[in-house]
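Data from structure-v2.cif: mmCIF, C-alpha atoms
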```cif
data_coords
loop_
_atom_site.label_atom_id
_atom_site.label_comp_id
_atom_site.auth_asym_id
_atom_site.auth_seq_id
_atom_site.Cartn_x
_atom_site.Cartn_y
_atom_site.Cartn_z
CA MET A 1 -14.02 -14.16 16.08
CA THR A 2 -16.29 -17.05 15.10
CA ALA A 3 -16.02 -19.01 11.85
CA GLU A 4 -19.21 -17.32 10.63
CA GLN A 5 -17.76 -13.86 11.28
CA LYS A 6 -14.50 -14.77 9.52
CA ALA A 7 -16.44 -15.85 6.45
CA LEU A 8 -18.00 -12.39 6.20
CA TYR A 9 -14.65 -10.65 5.76
CA ASN A 10 -12.16 -10.67 2.91
CA ARG A 11 -8.55 -9.56 2.84
CA VAL A 12 -8.28 -6.90 0.16
CA TYR A 13 -4.87 -5.97 -1.25
CA VAL A 14 -5.30 -2.19 -1.34
CA TRP A 15 -1.88 -0.52 -1.20
CA GLU A 16 0.71 -1.87 -3.62
CA PHE A 17 4.39 -1.79 -2.68
CA PRO A 18 5.21 1.36 -4.75
CA VAL A 19 2.40 3.23 -2.95
CA ARG A 20 3.60 2.09 0.47
CA LEU A 21 7.22 2.93 -0.38
CA TYR A 22 6.13 6.37 -1.58
CA HIS A 23 4.17 6.94 1.64
CA TRP A 24 7.04 6.14 3.99
CA LEU A 25 9.72 7.88 1.94
CA ASN A 26 7.45 10.91 1.72
CA GLY A 27 6.83 10.87 5.47
CA ILE A 28 10.55 10.68 6.26
CA THR A 29 11.64 13.31 3.75
CA VAL A 30 8.86 15.77 4.62
CA THR A 31 9.78 15.47 8.31
CA LEU A 32 13.45 16.10 7.53
CA LEU A 33 12.56 19.00 5.25
CA ILE A 34 10.39 20.63 7.92
CA ILE A 35 13.02 20.33 10.66
CA SER A 36 15.96 21.39 8.49
CA GLY A 37 13.89 24.09 6.75
CA PHE A 38 12.86 25.57 10.09
CA LEU A 39 16.51 25.68 11.19
CA ILE A 40 17.55 27.29 7.89
CA GLY A 41 14.89 29.98 8.27
CA ASN A 42 15.61 30.50 11.98
CA PRO A 43 19.18 29.32 12.63
CA ILE A 44 20.22 28.77 16.22
CA ARG A 45 23.66 28.63 17.77
CA LEU A 46 24.26 25.11 18.97
CA PHE A 47 27.97 25.09 19.64
CA TYR A 48 30.75 27.45 20.47
CA ALA A 49 34.25 26.69 19.20
CA ASN A 50 37.27 28.66 18.10
CA GLU A 51 37.92 26.56 15.01
CA ALA A 52 35.62 27.04 12.00
CA TYR A 53 35.56 23.33 11.11
CA GLN A 54 34.01 22.63 14.51
CA GLN A 55 31.01 24.83 13.73
CA TYR A 56 29.86 23.38 10.39
CA TRP A 57 26.57 22.05 11.74
CA PHE A 58 24.59 24.56 9.64
CA GLY A 59 26.21 23.24 6.46
CA THR A 60 25.11 19.75 7.51
CA VAL A 61 21.55 21.02 8.01
CA ARG A 62 21.53 22.52 4.51
CA PHE A 63 22.94 19.30 3.05
CA ILE A 64 20.18 17.25 4.72
CA HIS A 65 17.59 19.69 3.37
CA PHE A 66 18.89 19.51 -0.20
CA VAL A 67 19.27 15.71 -0.28
CA SER A 68 15.80 15.26 1.23
CA ALA A 69 14.40 17.66 -1.37
CA TYR A 70 15.78 15.59 -4.26
CA ILE A 71 14.44 12.33 -2.80
CA PHE A 72 11.08 14.00 -2.11
CA PHE A 73 10.81 15.38 -5.65
CA PHE A 74 11.63 12.21 -7.57
CA ASN A 75 9.57 10.09 -5.18
CA PHE A 76 6.67 12.45 -5.96
CA LEU A 77 7.20 11.99 -9.71
CA VAL A 78 7.02 8.21 -9.29
CA ARG A 79 3.72 8.58 -7.40
CA ILE A 80 2.29 10.74 -10.18
CA TYR A 81 3.22 8.00 -12.66
CA TRP A 82 1.75 5.28 -10.44
CA GLY A 83 -1.55 7.15 -10.39
CA PHE A 84 -1.91 6.13 -14.05
CA VAL A 85 -0.60 2.54 -13.95
CA GLY A 86 -1.35 1.35 -10.40
CA ASN A 87 -4.32 -0.66 -9.18
CA THR A 88 -7.80 0.79 -8.80
CA PHE A 89 -7.05 2.19 -5.33
CA ALA A 90 -3.98 4.13 -6.55
CA ARG A 91 -5.62 5.73 -9.60
CA TRP A 92 -6.20 9.48 -9.95
CA SER A 93 -9.96 8.90 -10.15
CA ASN A 94 -9.87 8.35 -6.36
CA PHE A 95 -8.40 11.80 -5.73
CA ILE A 96 -10.59 14.04 -7.90
CA PRO A 97 -14.29 13.85 -6.94
CA LEU A 98 -16.16 13.87 -10.23
CA LYS A 99 -19.04 11.56 -9.27
CA LYS A 100 -22.10 12.24 -7.13
CA LYS A 101 -21.23 9.18 -5.06
CA GLN A 102 -17.90 10.73 -4.14
CA TRP A 103 -19.46 14.05 -3.08
CA ARG A 104 -22.04 12.17 -1.00
CA GLU A 105 -19.23 10.30 0.74
CA ILE A 106 -17.38 13.58 1.38
CA GLY A 107 -20.45 14.87 3.24
CA GLN A 108 -20.70 11.65 5.21
CA VAL A 109 -17.02 11.68 6.21
CA LEU A 110 -17.24 15.34 7.30
CA LYS A 111 -20.08 14.39 9.67
CA VAL A 112 -18.04 11.52 11.05
CA ASP A 113 -14.77 13.46 11.41
CA ILE A 114 -16.13 16.79 12.67
CA LEU A 115 -19.45 15.94 14.37
CA LEU A 116 -18.24 12.47 15.49
CA ALA A 117 -21.36 10.90 14.01
CA ASP A 118 -21.59 7.15 13.59
CA PRO A 119 -20.82 6.15 10.01
CA SER A 120 -24.21 5.34 8.50
CA GLU A 121 -22.68 3.87 5.34
CA ARG A 122 -19.55 1.86 4.74
CA MET A 123 -16.76 4.02 3.38
CA SER A 124 -14.55 3.27 0.38
CA VAL A 125 -12.05 0.46 0.82
CA GLY A 126 -9.13 2.65 -0.26
CA HIS A 127 -9.06 6.37 0.44
CA ASN A 128 -12.46 7.74 1.29
CA SER A 129 -13.49 10.55 -1.06
CA LEU A 130 -12.65 13.35 1.40
CA ALA A 131 -9.21 11.92 2.15
CA GLY A 132 -8.54 11.43 -1.56
CA PHE A 133 -9.47 15.04 -2.36
CA VAL A 134 -7.33 16.39 0.50
CA TYR A 135 -4.40 14.30 -0.74
CA PHE A 136 -4.92 15.78 -4.19
CA LEU A 137 -4.60 19.26 -2.64
CA THR A 138 -1.41 18.14 -0.88
CA PHE A 139 -0.05 16.97 -4.25
CA LEU A 140 -0.56 20.52 -5.52
CA ALA A 141 1.25 21.78 -2.41
CA PHE A 142 4.06 19.29 -3.10
CA ALA A 143 4.42 20.71 -6.61
CA PHE A 144 4.45 24.27 -5.25
CA GLN A 145 7.11 23.47 -2.66
CA SER A 146 9.22 21.74 -5.30
CA LEU A 147 9.06 24.74 -7.63
CA THR A 148 9.81 27.33 -4.95
CA GLY A 149 12.41 25.17 -3.20
CA PHE A 150 14.48 24.46 -6.29
CA ALA A 151 14.10 28.10 -7.35
CA LEU A 152 15.71 29.18 -4.08
CA TYR A 153 18.40 26.54 -4.47
CA SER A 154 19.18 27.73 -8.02
CA ALA A 155 20.63 30.97 -6.62
CA ASN A 156 23.39 28.95 -4.92
CA SER A 157 23.94 26.24 -7.51
CA THR A 158 25.39 25.99 -10.98
CA SER A 159 23.98 22.49 -11.52
CA PHE A 160 21.71 21.87 -14.50
CA PHE A 161 18.60 20.71 -12.65
CA PRO A 162 18.16 23.59 -10.14
CA ARG A 163 18.80 26.11 -12.94
CA LEU A 164 15.62 24.87 -14.62
CA PHE A 165 13.63 26.70 -11.92
CA THR A 166 15.22 30.17 -12.13
CA TRP A 167 12.07 31.53 -13.84
CA VAL A 168 10.08 31.06 -10.61
CA ILE A 169 11.80 33.90 -8.71
CA PRO A 170 10.91 36.76 -11.11
CA LEU A 171 7.41 35.29 -11.45
CA PHE A 172 6.85 35.81 -7.70
CA GLY A 173 8.54 39.20 -7.63
CA GLY A 174 11.84 38.30 -6.07
CA ASP A 175 13.77 35.95 -3.84
CA MET A 176 12.20 37.20 -0.60
CA ALA A 177 8.64 36.56 -1.80
CA VAL A 178 9.52 33.03 -2.90
CA ARG A 179 11.18 32.38 0.46
CA GLN A 180 8.13 33.64 2.37
CA TRP A 181 5.69 31.47 0.39
CA HIS A 182 7.97 28.46 0.78
CA HIS A 183 7.97 29.03 4.54
CA VAL A 184 4.18 29.49 4.72
CA PHE A 185 3.57 26.16 3.01
CA MET A 186 5.90 24.48 5.50
CA TRP A 187 3.29 25.26 8.16
CA PHE A 188 0.59 23.79 5.93
CA PHE A 189 2.42 20.47 6.08
CA ILE A 190 2.91 20.67 9.84
CA VAL A 191 -0.86 21.12 10.33
CA PHE A 192 -1.58 18.40 7.76
CA ILE A 193 0.66 15.86 9.53
CA ILE A 194 -1.06 16.45 12.89
CA ILE A 195 -4.56 16.06 11.43
CA HIS A 196 -3.50 13.12 9.26
CA LEU A 197 -2.12 11.12 12.19
CA TYR A 198 -5.23 11.77 14.27
CA LEU A 199 -7.65 10.73 11.49
CA VAL A 200 -5.68 7.59 10.59
CA PHE A 201 -6.00 6.24 14.13
CA TYR A 202 -9.57 7.51 14.47
CA HIS A 203 -10.76 5.79 11.30
CA ASP A 204 -8.86 2.66 12.25
CA TYR A 205 -10.93 2.61 15.44
CA ILE A 206 -14.37 3.35 13.96
CA GLU A 207 -14.00 1.28 10.77
CA GLY A 208 -12.04 -1.69 12.12
CA ARG A 209 -10.57 -2.52 8.71
CA GLY A 210 -6.83 -2.29 9.44
CA THR A 211 -6.33 1.28 8.24
CA THR A 212 -3.05 1.72 10.13
CA SER A 213 -1.47 -1.67 9.37
CA SER A 214 -2.52 -1.51 5.71
CA MET A 215 0.26 0.98 4.96
CA VAL A 216 2.75 -1.60 6.20
CA GLY A 217 1.42 -4.81 4.66
CA GLY A 218 -0.95 -3.41 2.05
CA TRP A 219 -4.02 -5.37 3.18
CA LYS A 220 -7.38 -4.19 4.49
CA PHE A 221 -10.41 -6.15 5.65
CA GLU A 222 -13.83 -5.70 4.13
CA LYS A 223 -17.22 -7.41 4.29
CA ASP A 224 -18.25 -9.22 1.14
CA GLU A 225 -21.27 -7.03 0.40
CA ASP A 226 -19.37 -3.81 1.17
CA LEU A 227 -16.57 -4.82 -1.15
CA LYS A 228 -19.06 -5.36 -3.97
CA ASN A 229 -20.69 -1.96 -3.36
CA SER A 230 -17.36 -0.11 -3.25
CA ASN A 231 -16.40 -1.52 -6.66
CA ASP A 232 -19.63 -0.38 -8.34
#
```
Written as structure tokens, that's how I'd like the structure from this file.
Amino acid sequence: MTAEQKALYNRVYVWEFPVRLYHWLNGITVTLLIISGFLIGNPIRLFYANEAYQQYWFGTVRFIHFVSAYIFFFNFLVRIYWGFVGNTFARWSNFIPLKKKQWREIGQVLKVDILLADPSERMSVGHNSLAGFVYFLTFLAFAFQSLTGFALYSANSTSFFPRLFTWVIPLFGGDMAVRQWHHVFMWFFIVFIIIHLYLVFYHDYIEGRGTTSSMVGGWKFEKDEDLKNSND
């Protein structure tokens, strides 16, 4: 890269540490919840032993699921809070498309992602408008999974916190209905993870702004004029 080319680009601190910590904790806990949740819903026989204490692997799976659920839930609450106090790229205004500019960008990103069109305009420095809106929908799914998950846990716990969610089971018409909906949304997250990973690497390639590495160090690269336009 020549000196002239370097002068065209700025390092932009996009993802603050709380956002990056939330992202990686969320990724780890969701993965653990999916694996352990699948085993809880469809248990398999891993070992054969005469002694009961040698067959407690299912209890370990449940423990991993419950601990991951608590970390996931409170990590999610911190992200909700950071949407109000974080920098401009973390704010809730990036996730709910209320401006014509955001809807125009959603149309542009759909053409790029689905029709593989060349991006005719530079996309937002942080989340593009389509990604932000999809993440908002996942936040709603996070809330739903938290409600239904702790409702199911409340049937086996006398602790104060899970008992706050006992009202969810009669609302859905019973334990079985809650369990089925909780399982269905697990598959939503499996599909989301696959698409998310593909689009992260795809946009890293077509945009060339450090999309992948930005969630590690927090920095992206942007042309001077594009940075000015994105902040309008």
Practice item. Could you state which residues are captured by the PyMOL selection byres ((chain A and resi 96-108) around 9) in this file, as a PyMOL selection string? Key: chain A and resi 92-95+109-113+117+119-121+123-124+128-133+136
Practice item. Spell out the residues picked by the PyMOL selection byres ((chain A and resi 64) around 12) here, as an NGL selection string. Key: :A and (28-37 or 39-40 or 57-63 or 65-72)
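The point (7.4, 4.2, -1.0) has these residues within 12 Å of it when all atoms listed in the file are used: Trp15, Glu16, Phe17, Pro18, Val19, Arg20, Leu21, Tyr22, His23, Trp24, Leu25, Asn26, Gly27, Ile28, Thr29, Ile71, Phe72, Phe74, Asn75, Phe76, Leu77, Val78, Arg79, Trp82, Met215, Val216 and Gly218 of chain A.
Considering the residues A:Thr148, A:Glu222, A:His183, A:Val178 and counting only C-alpha atoms, Leu164 in chain A has its shortest atom-to-atom contact with A:Thr148.
Candidate residues A:Ser159, A:Ser146, A:Ser213, A:Thr166 were compared for distance to Phe185 in chain A, and the nearest is A:Ser146, using all atoms listed in the file.
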Check your understanding: CA of Phe160 in chain A and CA of Leu147 in chain A, how far apart in Å?
Key -> 14.7 Å
Please evaluate the PyMOL selection byres ((chain A and resi 193) around 12) against the structure above and give the resulting residues as a PDB file with C-alpha atoms, in the frame of the given file.
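The result, stored in selection.pdb:
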```pdb
ATOM      1  CA  ASN A  26       7.450  10.910   1.720  1.00  0.00           C
ATOM      2  CA  GLY A  27       6.830  10.870   5.470  1.00  0.00           C
ATOM      3  CA  ILE A  28      10.550  10.680   6.260  1.00  0.00           C
ATOM      4  CA  VAL A  30       8.860  15.770   4.620  1.00  0.00           C
ATOM      5  CA  THR A  31       9.780  15.470   8.310  1.00  0.00           C
ATOM      6  CA  ILE A  34      10.390  20.630   7.920  1.00  0.00           C
ATOM      7  CA  TYR A 135      -4.400  14.300  -0.740  1.00  0.00           C
ATOM      8  CA  THR A 138      -1.410  18.140  -0.880  1.00  0.00           C
ATOM      9  CA  MET A 186       5.900  24.480   5.500  1.00  0.00           C
ATOM     10  CA  TRP A 187       3.290  25.260   8.160  1.00  0.00           C
ATOM     11  CA  PHE A 188       0.590  23.790   5.930  1.00  0.00           C
ATOM     12  CA  PHE A 189       2.420  20.470   6.080  1.00  0.00           C
ATOM     13  CA  ILE A 190       2.910  20.670   9.840  1.00  0.00           C
ATOM     14  CA  VAL A 191      -0.860  21.120  10.330  1.00  0.00           C
ATOM     15  CA  PHE A 192      -1.580  18.400   7.760  1.00  0.00           C
ATOM     16  CA  ILE A 194      -1.060  16.450  12.890  1.00  0.00           C
ATOM     17  CA  ILE A 195      -4.560  16.060  11.430  1.00  0.00           C
ATOM     18  CA  HIS A 196      -3.500  13.120   9.260  1.00  0.00           C
ATOM     19  CA  LEU A 197      -2.120  11.120  12.190  1.00  0.00           C
ATOM     20  CA  TYR A 198      -5.230  11.770  14.270  1.00  0.00           C
ATOM     21  CA  LEU A 199      -7.650  10.730  11.490  1.00  0.00           C
ATOM     22  CA  VAL A 200      -5.680   7.590  10.590  1.00  0.00           C
TER      23      VAL A 200
END
```
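The interatomic distance for the pair CA of Lys223 in chain A and CA of Val125 in chain A works out to 10.0 Å.
For the atom pair formed by CA of Phe89 in chain A and CA of Gly210 in chain A, the distance is 15.4 Å, given to one decimal.
Proximity of A:Arg45, A:Ser157, A:Val12, A:Leu152 to Met176 in chain A, computed with only C-alpha atoms, is greatest for A:Leu152.
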Exercise for review: For each of A:Asn10, A:Asn87, A:Gln55, A:Asn156, take the minimum atom-to-atom distance to Trp219 in chain A, counting only C-alpha atoms, then give the residue where this is smallest.
Suggested key: A:Asn10
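The smallest atom-to-atom distance between Trp181 in chain A and any of A:Gln145, A:Thr212, A:Leu137, A:Val168, using only C-alpha atoms, is found for A:Gln145.
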Determine the axis-aligned bounding box of all atoms of range 205-221 of chain A present in the file, pad each side by 3 Å, and express its centre and edge lengths in Å to one decimal place as AutoDock Vina command-line options.
```
--center_x -5.8 --center_y -1.4 --center_z 8.7 --size_x 23.1 --size_y 15.5 --size_z 19.4
```
Could you add N, CA and C atoms to range 122-158 of chain A and give me the result as a PDB file, keeping the file's coordinate frame?
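Saved as rebuild_39.pdb:
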```pdb
ATOM      1  N   ARG A 122     -20.940   2.325   4.791  1.00  0.00           N
ATOM      2  CA  ARG A 122     -19.550   1.860   4.740  1.00  0.00           C
ATOM      3  C   ARG A 122     -18.753   2.742   3.796  1.00  0.00           C
ATOM      4  N   MET A 123     -17.576   3.148   4.210  1.00  0.00           N
ATOM      5  CA  MET A 123     -16.760   4.020   3.380  1.00  0.00           C
ATOM      6  C   MET A 123     -15.940   3.216   2.381  1.00  0.00           C
ATOM      7  N   SER A 124     -15.341   3.913   1.424  1.00  0.00           N
ATOM      8  CA  SER A 124     -14.550   3.270   0.380  1.00  0.00           C
ATOM      9  C   SER A 124     -13.440   2.428   0.991  1.00  0.00           C
ATOM     10  N   VAL A 125     -13.081   1.356   0.313  1.00  0.00           N
ATOM     11  CA  VAL A 125     -12.050   0.460   0.820  1.00  0.00           C
ATOM     12  C   VAL A 125     -10.693   1.148   0.843  1.00  0.00           C
ATOM     13  N   GLY A 126     -10.379   1.901  -0.216  1.00  0.00           N
ATOM     14  CA  GLY A 126      -9.130   2.650  -0.260  1.00  0.00           C
ATOM     15  C   GLY A 126      -9.287   3.972   0.466  1.00  0.00           C
ATOM     16  N   HIS A 127      -8.822   5.051  -0.138  1.00  0.00           N
ATOM     17  CA  HIS A 127      -9.060   6.370   0.440  1.00  0.00           C
ATOM     18  C   HIS A 127     -10.538   6.705   0.341  1.00  0.00           C
ATOM     19  N   ASN A 128     -11.113   7.208   1.449  1.00  0.00           N
ATOM     20  CA  ASN A 128     -12.460   7.740   1.290  1.00  0.00           C
ATOM     21  C   ASN A 128     -12.368   9.013   0.441  1.00  0.00           C
ATOM     22  N   SER A 129     -13.499   9.465  -0.067  1.00  0.00           N
ATOM     23  CA  SER A 129     -13.490  10.550  -1.060  1.00  0.00           C
ATOM     24  C   SER A 129     -12.935  11.850  -0.496  1.00  0.00           C
ATOM     25  N   LEU A 130     -13.187  12.128   0.794  1.00  0.00           N
ATOM     26  CA  LEU A 130     -12.650  13.350   1.400  1.00  0.00           C
ATOM     27  C   LEU A 130     -11.133  13.248   1.525  1.00  0.00           C
ATOM     28  N   ALA A 131     -10.650  12.110   2.010  1.00  0.00           N
ATOM     29  CA  ALA A 131      -9.210  11.920   2.150  1.00  0.00           C
ATOM     30  C   ALA A 131      -8.526  12.020   0.794  1.00  0.00           C
ATOM     31  N   GLY A 132      -9.123  11.390  -0.227  1.00  0.00           N
ATOM     32  CA  GLY A 132      -8.540  11.430  -1.560  1.00  0.00           C
ATOM     33  C   GLY A 132      -8.431  12.852  -2.090  1.00  0.00           C
ATOM     34  N   PHE A 133      -9.484  13.657  -1.878  1.00  0.00           N
ATOM     35  CA  PHE A 133      -9.470  15.040  -2.360  1.00  0.00           C
ATOM     36  C   PHE A 133      -8.447  15.877  -1.601  1.00  0.00           C
ATOM     37  N   VAL A 134      -8.332  15.663  -0.295  1.00  0.00           N
ATOM     38  CA  VAL A 134      -7.330  16.390   0.500  1.00  0.00           C
ATOM     39  C   VAL A 134      -5.931  16.008   0.043  1.00  0.00           C
ATOM     40  N   TYR A 135      -5.707  14.715  -0.244  1.00  0.00           N
ATOM     41  CA  TYR A 135      -4.400  14.300  -0.740  1.00  0.00           C
ATOM     42  C   TYR A 135      -4.096  14.936  -2.086  1.00  0.00           C
ATOM     43  N   PHE A 136      -5.125  15.108  -2.911  1.00  0.00           N
ATOM     44  CA  PHE A 136      -4.920  15.780  -4.190  1.00  0.00           C
ATOM     45  C   PHE A 136      -4.439  17.221  -3.965  1.00  0.00           C
ATOM     46  N   LEU A 137      -5.028  17.895  -2.976  1.00  0.00           N
ATOM     47  CA  LEU A 137      -4.600  19.260  -2.640  1.00  0.00           C
ATOM     48  C   LEU A 137      -3.159  19.251  -2.123  1.00  0.00           C
ATOM     49  N   THR A 138      -2.794  18.207  -1.364  1.00  0.00           N
ATOM     50  CA  THR A 138      -1.410  18.140  -0.880  1.00  0.00           C
ATOM     51  C   THR A 138      -0.447  17.900  -2.048  1.00  0.00           C
ATOM     52  N   PHE A 139      -0.894  17.165  -3.075  1.00  0.00           N
ATOM     53  CA  PHE A 139      -0.050  16.970  -4.250  1.00  0.00           C
ATOM     54  C   PHE A 139       0.237  18.315  -4.920  1.00  0.00           C
ATOM     55  N   LEU A 140      -0.772  19.187  -4.962  1.00  0.00           N
ATOM     56  CA  LEU A 140      -0.560  20.520  -5.520  1.00  0.00           C
ATOM     57  C   LEU A 140       0.430  21.298  -4.649  1.00  0.00           C
ATOM     58  N   ALA A 141       0.307  21.126  -3.320  1.00  0.00           N
ATOM     59  CA  ALA A 141       1.250  21.780  -2.410  1.00  0.00           C
ATOM     60  C   ALA A 141       2.661  21.210  -2.580  1.00  0.00           C
ATOM     61  N   PHE A 142       2.756  19.899  -2.819  1.00  0.00           N
ATOM     62  CA  PHE A 142       4.060  19.290  -3.100  1.00  0.00           C
ATOM     63  C   PHE A 142       4.706  19.932  -4.316  1.00  0.00           C
ATOM     64  N   ALA A 143       3.898  20.105  -5.373  1.00  0.00           N
ATOM     65  CA  ALA A 143       4.420  20.710  -6.610  1.00  0.00           C
ATOM     66  C   ALA A 143       4.884  22.140  -6.348  1.00  0.00           C
ATOM     67  N   PHE A 144       4.097  22.890  -5.559  1.00  0.00           N
ATOM     68  CA  PHE A 144       4.450  24.270  -5.250  1.00  0.00           C
ATOM     69  C   PHE A 144       5.753  24.338  -4.465  1.00  0.00           C
ATOM     70  N   GLN A 145       5.895  23.478  -3.466  1.00  0.00           N
ATOM     71  CA  GLN A 145       7.110  23.470  -2.660  1.00  0.00           C
ATOM     72  C   GLN A 145       8.326  23.059  -3.488  1.00  0.00           C
ATOM     73  N   SER A 146       8.118  22.151  -4.430  1.00  0.00           N
ATOM     74  CA  SER A 146       9.220  21.740  -5.300  1.00  0.00           C
ATOM     75  C   SER A 146       9.674  22.891  -6.177  1.00  0.00           C
ATOM     76  N   LEU A 147       8.721  23.605  -6.761  1.00  0.00           N
ATOM     77  CA  LEU A 147       9.060  24.740  -7.630  1.00  0.00           C
ATOM     78  C   LEU A 147       9.781  25.830  -6.857  1.00  0.00           C
ATOM     79  N   THR A 148       9.216  26.236  -5.717  1.00  0.00           N
ATOM     80  CA  THR A 148       9.810  27.330  -4.950  1.00  0.00           C
ATOM     81  C   THR A 148      11.123  26.902  -4.295  1.00  0.00           C
ATOM     82  N   GLY A 149      11.194  25.647  -3.850  1.00  0.00           N
ATOM     83  CA  GLY A 149      12.410  25.170  -3.200  1.00  0.00           C
ATOM     84  C   GLY A 149      13.597  25.113  -4.155  1.00  0.00           C
ATOM     85  N   PHE A 150      13.387  24.537  -5.327  1.00  0.00           N
ATOM     86  CA  PHE A 150      14.480  24.460  -6.290  1.00  0.00           C
ATOM     87  C   PHE A 150      14.810  25.840  -6.871  1.00  0.00           C
ATOM     88  N   ALA A 151      13.822  26.727  -6.906  1.00  0.00           N
ATOM     89  CA  ALA A 151      14.100  28.100  -7.350  1.00  0.00           C
ATOM     90  C   ALA A 151      15.044  28.790  -6.374  1.00  0.00           C
ATOM     91  N   LEU A 152      14.812  28.607  -5.081  1.00  0.00           N
ATOM     92  CA  LEU A 152      15.710  29.180  -4.080  1.00  0.00           C
ATOM     93  C   LEU A 152      17.096  28.537  -4.151  1.00  0.00           C
ATOM     94  N   TYR A 153      17.123  27.256  -4.395  1.00  0.00           N
ATOM     95  CA  TYR A 153      18.400  26.540  -4.470  1.00  0.00           C
ATOM     96  C   TYR A 153      19.198  26.968  -5.702  1.00  0.00           C
ATOM     97  N   SER A 154      18.502  27.360  -6.767  1.00  0.00           N
ATOM     98  CA  SER A 154      19.180  27.730  -8.020  1.00  0.00           C
ATOM     99  C   SER A 154      20.099  28.935  -7.847  1.00  0.00           C
ATOM    100  N   ALA A 155      19.796  29.784  -6.856  1.00  0.00           N
ATOM    101  CA  ALA A 155      20.630  30.970  -6.620  1.00  0.00           C
ATOM    102  C   ALA A 155      22.006  30.594  -6.084  1.00  0.00           C
ATOM    103  N   ASN A 156      22.124  29.377  -5.505  1.00  0.00           N
ATOM    104  CA  ASN A 156      23.390  28.950  -4.920  1.00  0.00           C
ATOM    105  C   ASN A 156      23.991  27.750  -5.632  1.00  0.00           C
ATOM    106  N   SER A 157      23.471  27.426  -6.811  1.00  0.00           N
ATOM    107  CA  SER A 157      23.940  26.240  -7.510  1.00  0.00           C
ATOM    108  C   SER A 157      24.144  26.523  -8.989  1.00  0.00           C
ATOM    109  N   THR A 158      25.145  25.897  -9.540  1.00  0.00           N
ATOM    110  CA  THR A 158      25.390  25.990 -10.980  1.00  0.00           C
ATOM    111  C   THR A 158      24.988  24.697 -11.691  1.00  0.00           C
TER     112      THR A 158
END
```
